[in-house]
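A quick write-up on the structure given underneath.
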Protein chains: 2
Amino acid sequence: MPEVRAFVFDAYGTLFDVHSVVTACRGVTSDPEALSREWRAKQLEYTWLRALMGRYEDFWEVTRAALQFALKRLKIAASQEQVNRLLSAYLSLQPFPEVPATLKTLHSRFPLAILSNGSPRMLQAAVQSSGLEPYLQHVLSVDTLKTYKPNPTVYDLAPRALGLAKETIAFVSSNSFDVVGAKAFGFQVVWCNRTQAPLDELGFAPDFTVSHLDEIPQALGL
Amino acid sequence: MPEVRAFVFDAYGTLFDVHSVVTACRGVTSDPEALSREWRAKQLEYTWLRALMGRYEDFWEVTRAALQFALKRLKIAASQEQVNRLLSAYLSLQPFPEVPATLKTLHSRFPLAILSNGSPRMLQAAVQSSGLEPYLQHVLSVDTLKTYKPNPTVYDLAPRALGLAKETIAFVSSNSFDVVGAKAFGFQVVWCNRTQAPLDELGFAPDFTVSHLDEIPQALGL
């Protein structure tokens, strides 16, 4: 990757394991993976629909609504206390195992940032509880724009905050739609394809694909 | 429903059974329902993502790309001839059984229109092959705007074409996201909930819910 001057990371699914909420789902249903999957899929769908309708609500509200729908669809009766416990799992998501060391290494050479759909409060909580805060120069949220990825105005937050041309920024995401959106915007893009998923057929491809984030410093000889 | 002066219908899933492509899927895979489901889900997702990215391609191209992805994800090896046959099923989709009689009855009292994500060519083919053309005053496609539902500018095509205030138009869709988008725009909305699906949690609800379209003329005493 030539001329990379900063790394910008997606948060959910890339640094933080959204399916770590499965643990919290365990007391609520006999199939916690199914609830976690349905919840996550609806969460993304609702961001796209709300952005397209011009009816922004922040990611906390979207996450709450997506959980409500997932419980209804899967016919799971959850108490308000259980719903609150599931939601609060989003405030202390586990980072993937290789994340802290990878960010520490990259941080010694590059400015690092997060660019996320998350609300400022959710991102603050996740960054603090995971101990990643010292490595991050910026934690950028769509909330300042009241829209969601892959709206190109969202990606433009990063070059503006970093004071760098978009072509010199490596954007890293595990989410295929986010990879496509970031590439369409004009970043250099690394797809962290943790699940060996096929790439979405939307006309854009990442510059570089890895299975885990620690392959990035390795590829750079760090 | 007071003061309804026209009915506007969504096309795919509402008038036309998109899962009637299952028949065409049969020669390609042992689980044609799974292919049809995955194809349809990606088709919708790609409309939302392309609209949000400002990277419109028409619904034929989106449908083709979604099929390509679905085949990849389900690890189905299809020949180019099979792919072409699957795609062309979209040009002769079956209407749901009650659709022709329902449109015929409503047409005797109201102007009727289609408002759809479909490209003009796809809609023309479906409307002609199903024999619904005589009942429709307008067949409106997002293609004139180069965006997709639930962008509110799409819904605005109908009041403009019909010369009616949006509050006097009943919009009918089986797709929950479309029901929400149409209600947010300001139509009276009928949800044709063919599958007993739960309503999406996006802050808007239909005015009226039916299981089949013939319940509409019945409710109006026609």
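Residues in the structure tokens are named by chain (A, B, ... in the order shown) and by number from 1 within that chain; ligands are numbered from 1 in the order shown.
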
For Lys72 in chain B, work out the shell of residues within 10 Å, counting only C-alpha atoms and skipping chain neighbours fewer than 3 positions away, then give it as a JSON list (two decimals) with N, CA and C atoms, in the first residue's frame.
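Result file part.json:
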[["chain", "number", "residue", "atom", "x", "y", "z"],
["A", 197, "ALA", "N", -16.27, -14.37, 3.70],
["A", 197, "ALA", "CA", -17.50, -14.02, 2.98],
["A", 197, "ALA", "C", -17.16, -13.63, 1.55],
["A", 198, "PRO", "N", -18.09, -13.87, 0.61],
["A", 198, "PRO", "CA", -17.88, -13.34, -0.74],
["A", 198, "PRO", "C", -18.08, -11.82, -0.73],
["A", 199, "LEU", "N", -17.38, -11.15, -1.62],
["A", 199, "LEU", "CA", -17.51, -9.68, -1.70],
["A", 199, "LEU", "C", -18.85, -9.31, -2.33],
["A", 200, "ASP", "N", -19.45, -8.26, -1.81],
["A", 200, "ASP", "CA", -20.70, -7.79, -2.42],
["A", 200, "ASP", "C", -20.45, -7.33, -3.85],
["B", 66, "ALA", "N", -27.31, -9.08, -7.64],
["B", 66, "ALA", "CA", -27.79, -9.80, -6.44],
["B", 66, "ALA", "C", -27.83, -11.30, -6.70],
["B", 67, "LEU", "N", -28.21, -11.69, -7.89],
["B", 67, "LEU", "CA", -28.21, -13.12, -8.24],
["B", 67, "LEU", "C", -26.78, -13.66, -8.22],
["B", 68, "GLN", "N", -25.86, -12.90, -8.80],
["B", 68, "GLN", "CA", -24.45, -13.29, -8.83],
["B", 68, "GLN", "C", -23.94, -13.53, -7.41],
["B", 69, "PHE", "N", -24.27, -12.60, -6.50],
["B", 69, "PHE", "CA", -23.84, -12.75, -5.12],
["B", 69, "PHE", "C", -24.47, -13.96, -4.46],
["B", 75, "LYS", "N", -22.64, -21.06, -2.96],
["B", 75, "LYS", "CA", -21.70, -21.96, -3.66],
["B", 75, "LYS", "C", -22.41, -22.79, -4.73],
["B", 76, "ILE", "N", -23.21, -22.11, -5.53],
["B", 76, "ILE", "CA", -23.91, -22.77, -6.64],
["B", 76, "ILE", "C", -23.21, -22.40, -7.93],
["B", 77, "ALA", "N", -22.76, -23.42, -8.66],
["B", 77, "ALA", "CA", -22.12, -23.17, -9.95],
["B", 77, "ALA", "C", -23.20, -23.16, -11.02],
["B", 78, "ALA", "N", -23.46, -22.00, -11.60],
["B", 78, "ALA", "CA", -24.49, -21.90, -12.64],
["B", 78, "ALA", "C", -23.84, -21.47, -13.95]]

DSSP-assigned strand (DSSP E) among range 16-130 of chain A, expressed as a VMD selection string: chain A and resid 112 to 116

Helix (DSSP H, G or I) positions in range 52-157 of chain A, given as a VMD selection string: chain A and resid 52 to 53 59 to 73 80 to 91 99 to 107 120 to 129 133 to 135 142 to 144 152 to 155 157

Within 8 Å of range 162-176 of chain A using only C-alpha atoms, minus same-chain residues under 3 positions, as a list in words: Glu3, Val4, Arg5, Ala6, Phe7, Val8, Phe9, Asp10, Ala11, Gly13, Thr14, Asp156, Ala158, Pro159, Val179, Val180, Ala182, Gly186, Phe187, Gln188, Val189, Val190, Trp191, Cys192, Asn193, Arg194, Leu199 and Asp200 of chain A

Since we have the selection now, will you write its residues out, keeping N, CA, C and O atoms, as a short mmCIF file (atom, residue, chain, number, x, y, z; two decimals), in the first residue's frame?
data_model
loop_
_atom_site.label_atom_id
_atom_site.label_comp_id
_atom_site.auth_asym_id
_atom_site.auth_seq_id
_atom_site.Cartn_x
_atom_site.Cartn_y
_atom_site.Cartn_z
N GLU A 3 2.21 5.09 0.11
CA GLU A 3 1.82 6.42 0.59
C GLU A 3 0.71 6.46 1.63
O GLU A 3 -0.05 7.41 1.67
N VAL A 4 0.57 5.40 2.43
CA VAL A 4 -0.43 5.47 3.50
C VAL A 4 0.09 6.36 4.61
O VAL A 4 1.21 6.19 5.09
N ARG A 5 -0.73 7.33 4.99
CA ARG A 5 -0.29 8.26 6.05
C ARG A 5 -1.14 8.16 7.32
O ARG A 5 -0.83 8.80 8.33
N ALA A 6 -2.22 7.39 7.25
CA ALA A 6 -3.04 7.19 8.45
C ALA A 6 -3.93 5.97 8.25
O ALA A 6 -4.25 5.60 7.11
N PHE A 7 -4.34 5.34 9.36
CA PHE A 7 -5.30 4.23 9.31
C PHE A 7 -6.58 4.65 10.02
O PHE A 7 -6.55 5.19 11.12
N VAL A 8 -7.69 4.38 9.33
CA VAL A 8 -9.01 4.66 9.90
C VAL A 8 -9.78 3.35 9.96
O VAL A 8 -9.90 2.65 8.94
N PHE A 9 -10.31 3.03 11.13
CA PHE A 9 -10.99 1.75 11.34
C PHE A 9 -12.48 1.92 11.54
O PHE A 9 -12.92 2.81 12.28
N ASP A 10 -13.22 1.03 10.90
CA ASP A 10 -14.60 0.82 11.30
C ASP A 10 -14.58 0.21 12.71
O ASP A 10 -13.59 -0.44 13.09
N ALA A 11 -15.66 0.38 13.47
CA ALA A 11 -15.67 -0.12 14.86
C ALA A 11 -16.34 -1.49 14.98
O ALA A 11 -15.68 -2.50 15.29
N GLY A 13 -17.70 -4.97 14.41
CA GLY A 13 -17.39 -6.09 13.51
C GLY A 13 -15.94 -6.06 13.06
O GLY A 13 -15.41 -7.07 12.60
N THR A 14 -15.29 -4.90 13.17
CA THR A 14 -13.90 -4.75 12.72
C THR A 14 -12.97 -4.74 13.94
O THR A 14 -12.09 -5.61 14.07
N ASP A 156 -16.11 11.28 4.39
CA ASP A 156 -15.39 12.54 4.28
C ASP A 156 -15.02 13.13 5.65
O ASP A 156 -14.19 14.04 5.74
N ALA A 158 -13.26 11.70 7.85
CA ALA A 158 -11.90 11.29 8.22
C ALA A 158 -10.82 12.20 7.61
O ALA A 158 -9.96 12.70 8.34
N PRO A 159 -10.82 12.42 6.28
CA PRO A 159 -9.80 13.34 5.75
C PRO A 159 -9.88 14.74 6.37
O PRO A 159 -8.85 15.37 6.59
N VAL A 179 -16.70 -1.60 3.03
CA VAL A 179 -15.54 -1.68 2.12
C VAL A 179 -15.90 -1.05 0.78
O VAL A 179 -15.15 -0.22 0.24
N VAL A 180 -17.04 -1.41 0.25
CA VAL A 180 -17.49 -0.89 -1.04
C VAL A 180 -17.72 0.63 -0.94
O VAL A 180 -17.29 1.39 -1.81
N ALA A 182 -16.42 2.78 1.17
CA ALA A 182 -15.16 3.49 1.39
C ALA A 182 -14.34 3.56 0.10
O ALA A 182 -13.68 4.57 -0.18
N GLY A 186 -13.13 6.81 -2.21
CA GLY A 186 -11.79 7.14 -2.67
C GLY A 186 -10.65 6.83 -1.73
O GLY A 186 -9.50 7.20 -1.97
N PHE A 187 -10.94 6.13 -0.61
CA PHE A 187 -9.87 5.67 0.28
C PHE A 187 -9.09 4.52 -0.35
O PHE A 187 -9.58 3.85 -1.26
N GLN A 188 -7.89 4.26 0.16
CA GLN A 188 -7.31 2.93 0.04
C GLN A 188 -8.04 2.06 1.05
O GLN A 188 -8.29 2.51 2.17
N VAL A 189 -8.39 0.84 0.67
CA VAL A 189 -9.26 0.05 1.55
C VAL A 189 -8.70 -1.33 1.82
O VAL A 189 -8.27 -2.05 0.90
N VAL A 190 -8.71 -1.67 3.11
CA VAL A 190 -8.35 -3.02 3.55
C VAL A 190 -9.62 -3.70 4.04
O VAL A 190 -10.31 -3.19 4.93
N TRP A 191 -9.92 -4.86 3.46
CA TRP A 191 -11.05 -5.65 3.91
C TRP A 191 -10.55 -6.70 4.88
O TRP A 191 -9.76 -7.56 4.50
N CYS A 192 -11.00 -6.61 6.12
CA CYS A 192 -10.69 -7.65 7.10
C CYS A 192 -11.82 -8.68 7.03
O CYS A 192 -12.83 -8.56 7.72
N ASN A 193 -11.64 -9.65 6.16
CA ASN A 193 -12.69 -10.63 5.87
C ASN A 193 -12.59 -11.80 6.83
O ASN A 193 -12.07 -12.87 6.49
N ARG A 194 -13.10 -11.59 8.04
CA ARG A 194 -12.95 -12.57 9.11
C ARG A 194 -13.71 -13.86 8.85
O ARG A 194 -13.41 -14.89 9.45
N LEU A 199 -17.38 -11.15 -1.62
CA LEU A 199 -17.51 -9.68 -1.70
C LEU A 199 -18.85 -9.31 -2.33
O LEU A 199 -19.30 -9.96 -3.28
N ASP A 200 -19.45 -8.26 -1.81
CA ASP A 200 -20.70 -7.79 -2.42
C ASP A 200 -20.45 -7.33 -3.85
O ASP A 200 -19.39 -6.80 -4.18
#

For chain B, which residues have at least one atom within 8 Å of chain A, if we go by only C-alpha atoms? Write them as a short mmCIF file (atom, residue, chain, number, x, y, z; two decimals) with C-alpha atoms, in the first residue's frame, please.
data_model
loop_
_atom_site.label_atom_id
_atom_site.label_comp_id
_atom_site.auth_asym_id
_atom_site.auth_seq_id
_atom_site.Cartn_x
_atom_site.Cartn_y
_atom_site.Cartn_z
CA GLU B 45 -30.03 -4.44 0.13
CA TYR B 46 -28.27 -3.36 -3.07
CA TRP B 48 -30.58 0.75 -0.43
CA LEU B 49 -26.78 0.77 -0.63
CA ARG B 50 -26.61 2.14 -4.18
CA ALA B 51 -29.14 4.86 -3.34
CA LEU B 52 -27.17 5.84 -0.24
CA MET B 53 -23.84 5.83 -2.09
CA GLY B 54 -25.32 7.90 -4.90
CA ALA B 65 -25.67 -8.48 -9.32
CA ALA B 66 -27.79 -9.80 -6.44
CA GLN B 68 -24.45 -13.29 -8.83
CA PHE B 69 -23.84 -12.75 -5.12
CA LYS B 72 -21.50 -17.19 -4.84
CA ARG B 73 -22.66 -17.24 -1.23
CA LYS B 149 -37.37 3.46 -2.18
CA PRO B 150 -37.70 4.53 0.62
CA ASN B 151 -36.22 7.84 -0.56
CA PRO B 152 -39.21 10.21 -0.18
CA PHE B 177 -39.84 -1.13 4.62
CA GLY B 181 -41.35 4.73 3.80
CA ALA B 184 -43.33 8.58 6.52
CA ALA B 197 -44.45 -10.82 9.25
CA PRO B 198 -43.90 -8.50 12.21
CA LEU B 199 -43.83 -4.80 11.31
CA ASP B 200 -40.43 -3.17 11.13
CA GLU B 201 -39.58 -1.00 14.13
CA LEU B 202 -39.05 2.26 12.31
#

Within 8 Å of Ser119 in chain B, counting only C-alpha atoms, which residues qualify if same-chain residues fewer than 3 places away don't, as a PDB file with all heavy atoms, in the first residue's frame?
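Final file, out00.pdb:
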ATOM      1  N   ASP B  58     -29.672   0.602 -12.661  1.00  0.00           N
ATOM      2  CA  ASP B  58     -31.100   0.270 -12.685  1.00  0.00           C
ATOM      3  C   ASP B  58     -31.378  -1.114 -12.091  1.00  0.00           C
ATOM      4  O   ASP B  58     -30.467  -1.882 -11.801  1.00  0.00           O
ATOM      5  CB  ASP B  58     -31.715   0.484 -14.076  1.00  0.00           C
ATOM      6  CG  ASP B  58     -31.423  -0.647 -15.045  1.00  0.00           C
ATOM      7  OD1 ASP B  58     -30.953  -1.728 -14.631  1.00  0.00           O
ATOM      8  OD2 ASP B  58     -31.678  -0.454 -16.253  1.00  0.00           O
ATOM      9  N   PHE B  59     -32.661  -1.392 -11.882  1.00  0.00           N
ATOM     10  CA  PHE B  59     -33.073  -2.574 -11.126  1.00  0.00           C
ATOM     11  C   PHE B  59     -32.703  -3.868 -11.844  1.00  0.00           C
ATOM     12  O   PHE B  59     -32.540  -4.899 -11.208  1.00  0.00           O
ATOM     13  CB  PHE B  59     -34.582  -2.508 -10.882  1.00  0.00           C
ATOM     14  CG  PHE B  59     -35.064  -3.362  -9.734  1.00  0.00           C
ATOM     15  CD1 PHE B  59     -34.595  -3.148  -8.440  1.00  0.00           C
ATOM     16  CD2 PHE B  59     -36.015  -4.352  -9.926  1.00  0.00           C
ATOM     17  CE1 PHE B  59     -35.052  -3.919  -7.371  1.00  0.00           C
ATOM     18  CE2 PHE B  59     -36.480  -5.130  -8.861  1.00  0.00           C
ATOM     19  CZ  PHE B  59     -36.002  -4.912  -7.595  1.00  0.00           C
ATOM     20  N   TRP B  60     -32.577  -3.829 -13.134  1.00  0.00           N
ATOM     21  CA  TRP B  60     -32.132  -5.016 -13.870  1.00  0.00           C
ATOM     22  C   TRP B  60     -30.704  -5.353 -13.498  1.00  0.00           C
ATOM     23  O   TRP B  60     -30.371  -6.511 -13.200  1.00  0.00           O
ATOM     24  CB  TRP B  60     -32.273  -4.786 -15.375  1.00  0.00           C
ATOM     25  CG  TRP B  60     -31.890  -5.988 -16.202  1.00  0.00           C
ATOM     26  CD1 TRP B  60     -30.745  -6.152 -16.926  1.00  0.00           C
ATOM     27  CD2 TRP B  60     -32.649  -7.193 -16.368  1.00  0.00           C
ATOM     28  NE1 TRP B  60     -30.753  -7.375 -17.538  1.00  0.00           N
ATOM     29  CE2 TRP B  60     -31.912  -8.043 -17.221  1.00  0.00           C
ATOM     30  CE3 TRP B  60     -33.892  -7.629 -15.882  1.00  0.00           C
ATOM     31  CZ2 TRP B  60     -32.369  -9.306 -17.598  1.00  0.00           C
ATOM     32  CZ3 TRP B  60     -34.339  -8.889 -16.262  1.00  0.00           C
ATOM     33  CH2 TRP B  60     -33.580  -9.707 -17.101  1.00  0.00           C
ATOM     34  N   MET B 122     -38.483  -3.709 -17.284  1.00  0.00           N
ATOM     35  CA  MET B 122     -38.943  -4.823 -16.452  1.00  0.00           C
ATOM     36  C   MET B 122     -40.425  -4.678 -16.110  1.00  0.00           C
ATOM     37  O   MET B 122     -41.182  -5.651 -16.118  1.00  0.00           O
ATOM     38  CB  MET B 122     -38.131  -4.880 -15.153  1.00  0.00           C
ATOM     39  CG  MET B 122     -36.687  -5.250 -15.334  1.00  0.00           C
ATOM     40  SD  MET B 122     -35.747  -5.051 -13.775  1.00  0.00           S
ATOM     41  CE  MET B 122     -36.184  -6.567 -12.900  1.00  0.00           C
ATOM     42  N   LEU B 123     -40.822  -3.454 -15.777  1.00  0.00           N
ATOM     43  CA  LEU B 123     -42.215  -3.224 -15.393  1.00  0.00           C
ATOM     44  C   LEU B 123     -43.149  -3.430 -16.581  1.00  0.00           C
ATOM     45  O   LEU B 123     -44.213  -4.034 -16.464  1.00  0.00           O
ATOM     46  CB  LEU B 123     -42.383  -1.812 -14.825  1.00  0.00           C
ATOM     47  CG  LEU B 123     -41.727  -1.601 -13.451  1.00  0.00           C
ATOM     48  CD1 LEU B 123     -41.765  -0.125 -13.076  1.00  0.00           C
ATOM     49  CD2 LEU B 123     -42.425  -2.443 -12.384  1.00  0.00           C
ATOM     50  N   SER B 141     -41.706   4.454 -12.445  1.00  0.00           N
ATOM     51  CA  SER B 141     -40.444   3.812 -12.070  1.00  0.00           C
ATOM     52  C   SER B 141     -39.503   4.823 -11.417  1.00  0.00           C
ATOM     53  O   SER B 141     -39.424   5.981 -11.844  1.00  0.00           O
ATOM     54  CB  SER B 141     -39.772   3.243 -13.323  1.00  0.00           C
ATOM     55  OG  SER B 141     -38.414   2.947 -13.059  1.00  0.00           O
ATOM     56  N   VAL B 142     -38.771   4.362 -10.415  1.00  0.00           N
ATOM     57  CA  VAL B 142     -37.725   5.176  -9.784  1.00  0.00           C
ATOM     58  C   VAL B 142     -36.673   5.624 -10.791  1.00  0.00           C
ATOM     59  O   VAL B 142     -35.891   6.545 -10.502  1.00  0.00           O
ATOM     60  CB  VAL B 142     -37.005   4.397  -8.658  1.00  0.00           C
ATOM     61  CG1 VAL B 142     -37.970   3.975  -7.559  1.00  0.00           C
ATOM     62  CG2 VAL B 142     -36.241   3.186  -9.201  1.00  0.00           C
ATOM     63  N   ASP B 143     -36.627   4.951 -11.934  1.00  0.00           N
ATOM     64  CA  ASP B 143     -35.556   5.207 -12.895  1.00  0.00           C
ATOM     65  C   ASP B 143     -35.504   6.665 -13.349  1.00  0.00           C
ATOM     66  O   ASP B 143     -34.429   7.169 -13.691  1.00  0.00           O
ATOM     67  CB  ASP B 143     -35.700   4.278 -14.107  1.00  0.00           C
ATOM     68  CG  ASP B 143     -34.428   4.210 -14.933  1.00  0.00           C
ATOM     69  OD1 ASP B 143     -33.410   3.743 -14.389  1.00  0.00           O
ATOM     70  OD2 ASP B 143     -34.447   4.642 -16.095  1.00  0.00           O
TER      71      ASP B 143
END

Long-range neighbours of range 16-26 of chain A as a PyMOL selection string, 10 Å cut-off, only C-alpha atoms, 3 positions minimum in chain: chain A and resi 10-13+29-37+39-40+82-83+85-90+92-97+99+126-127+130

Dump of C-alpha atoms for the selected residues, as a CSV table (one decimal), in the first residue's frame:
chain,number,residue,atom,x,y,z
A,10,ASP,CA,-14.6,0.8,11.3
A,11,ALA,CA,-15.7,-0.1,14.9
A,12,TYR,CA,-18.4,-2.8,15.0
A,13,GLY,CA,-17.4,-6.1,13.5
A,29,THR,CA,-33.1,-17.8,24.2
A,30,SER,CA,-31.9,-21.3,23.5
A,31,ASP,CA,-30.5,-20.1,20.1
A,32,PRO,CA,-28.4,-17.1,21.1
A,33,GLU,CA,-26.5,-17.1,17.7
A,34,ALA,CA,-29.7,-16.7,15.8
A,35,LEU,CA,-30.8,-13.8,17.9
A,36,SER,CA,-27.4,-12.1,17.6
A,37,ARG,CA,-27.5,-12.6,13.8
A,39,TRP,CA,-30.3,-8.4,15.6
A,40,ARG,CA,-27.2,-7.3,13.7
A,82,GLN,CA,-33.4,-8.7,29.8
A,83,VAL,CA,-33.8,-6.2,27.0
A,85,ARG,CA,-29.1,-6.2,29.7
A,86,LEU,CA,-28.8,-7.2,26.0
A,87,LEU,CA,-28.6,-3.5,25.0
A,88,SER,CA,-26.0,-2.7,27.6
A,89,ALA,CA,-23.8,-5.4,26.1
A,90,TYR,CA,-23.2,-3.0,23.3
A,92,SER,CA,-18.8,-3.2,26.6
A,93,LEU,CA,-18.2,-5.2,23.4
A,94,GLN,CA,-15.1,-7.3,23.4
A,95,PRO,CA,-12.4,-6.3,20.9
A,96,PHE,CA,-11.2,-9.2,18.7
A,97,PRO,CA,-8.1,-10.8,20.2
A,99,VAL,CA,-6.8,-5.8,18.1
A,126,ALA,CA,-16.5,0.7,23.9
A,127,VAL,CA,-13.2,2.4,23.4
A,130,SER,CA,-11.5,-2.1,25.7

Top pick for closest residue to Leu71 in chain A, considering A:Asp214, A:Glu38, A:Ile114, A:Leu132 and counting only C-alpha atoms: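 Answer, going by the shortest atom-to-atom distance: A:Glu38.
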
Computed interatomic separation between CA of Leu115 in chain A and CA of Leu136 in chain A (Å): 10.8 Å

Between CA of Thr195 in chain B and CA of His107 in chain B - distance in Å to one decimal: 25.9 Å
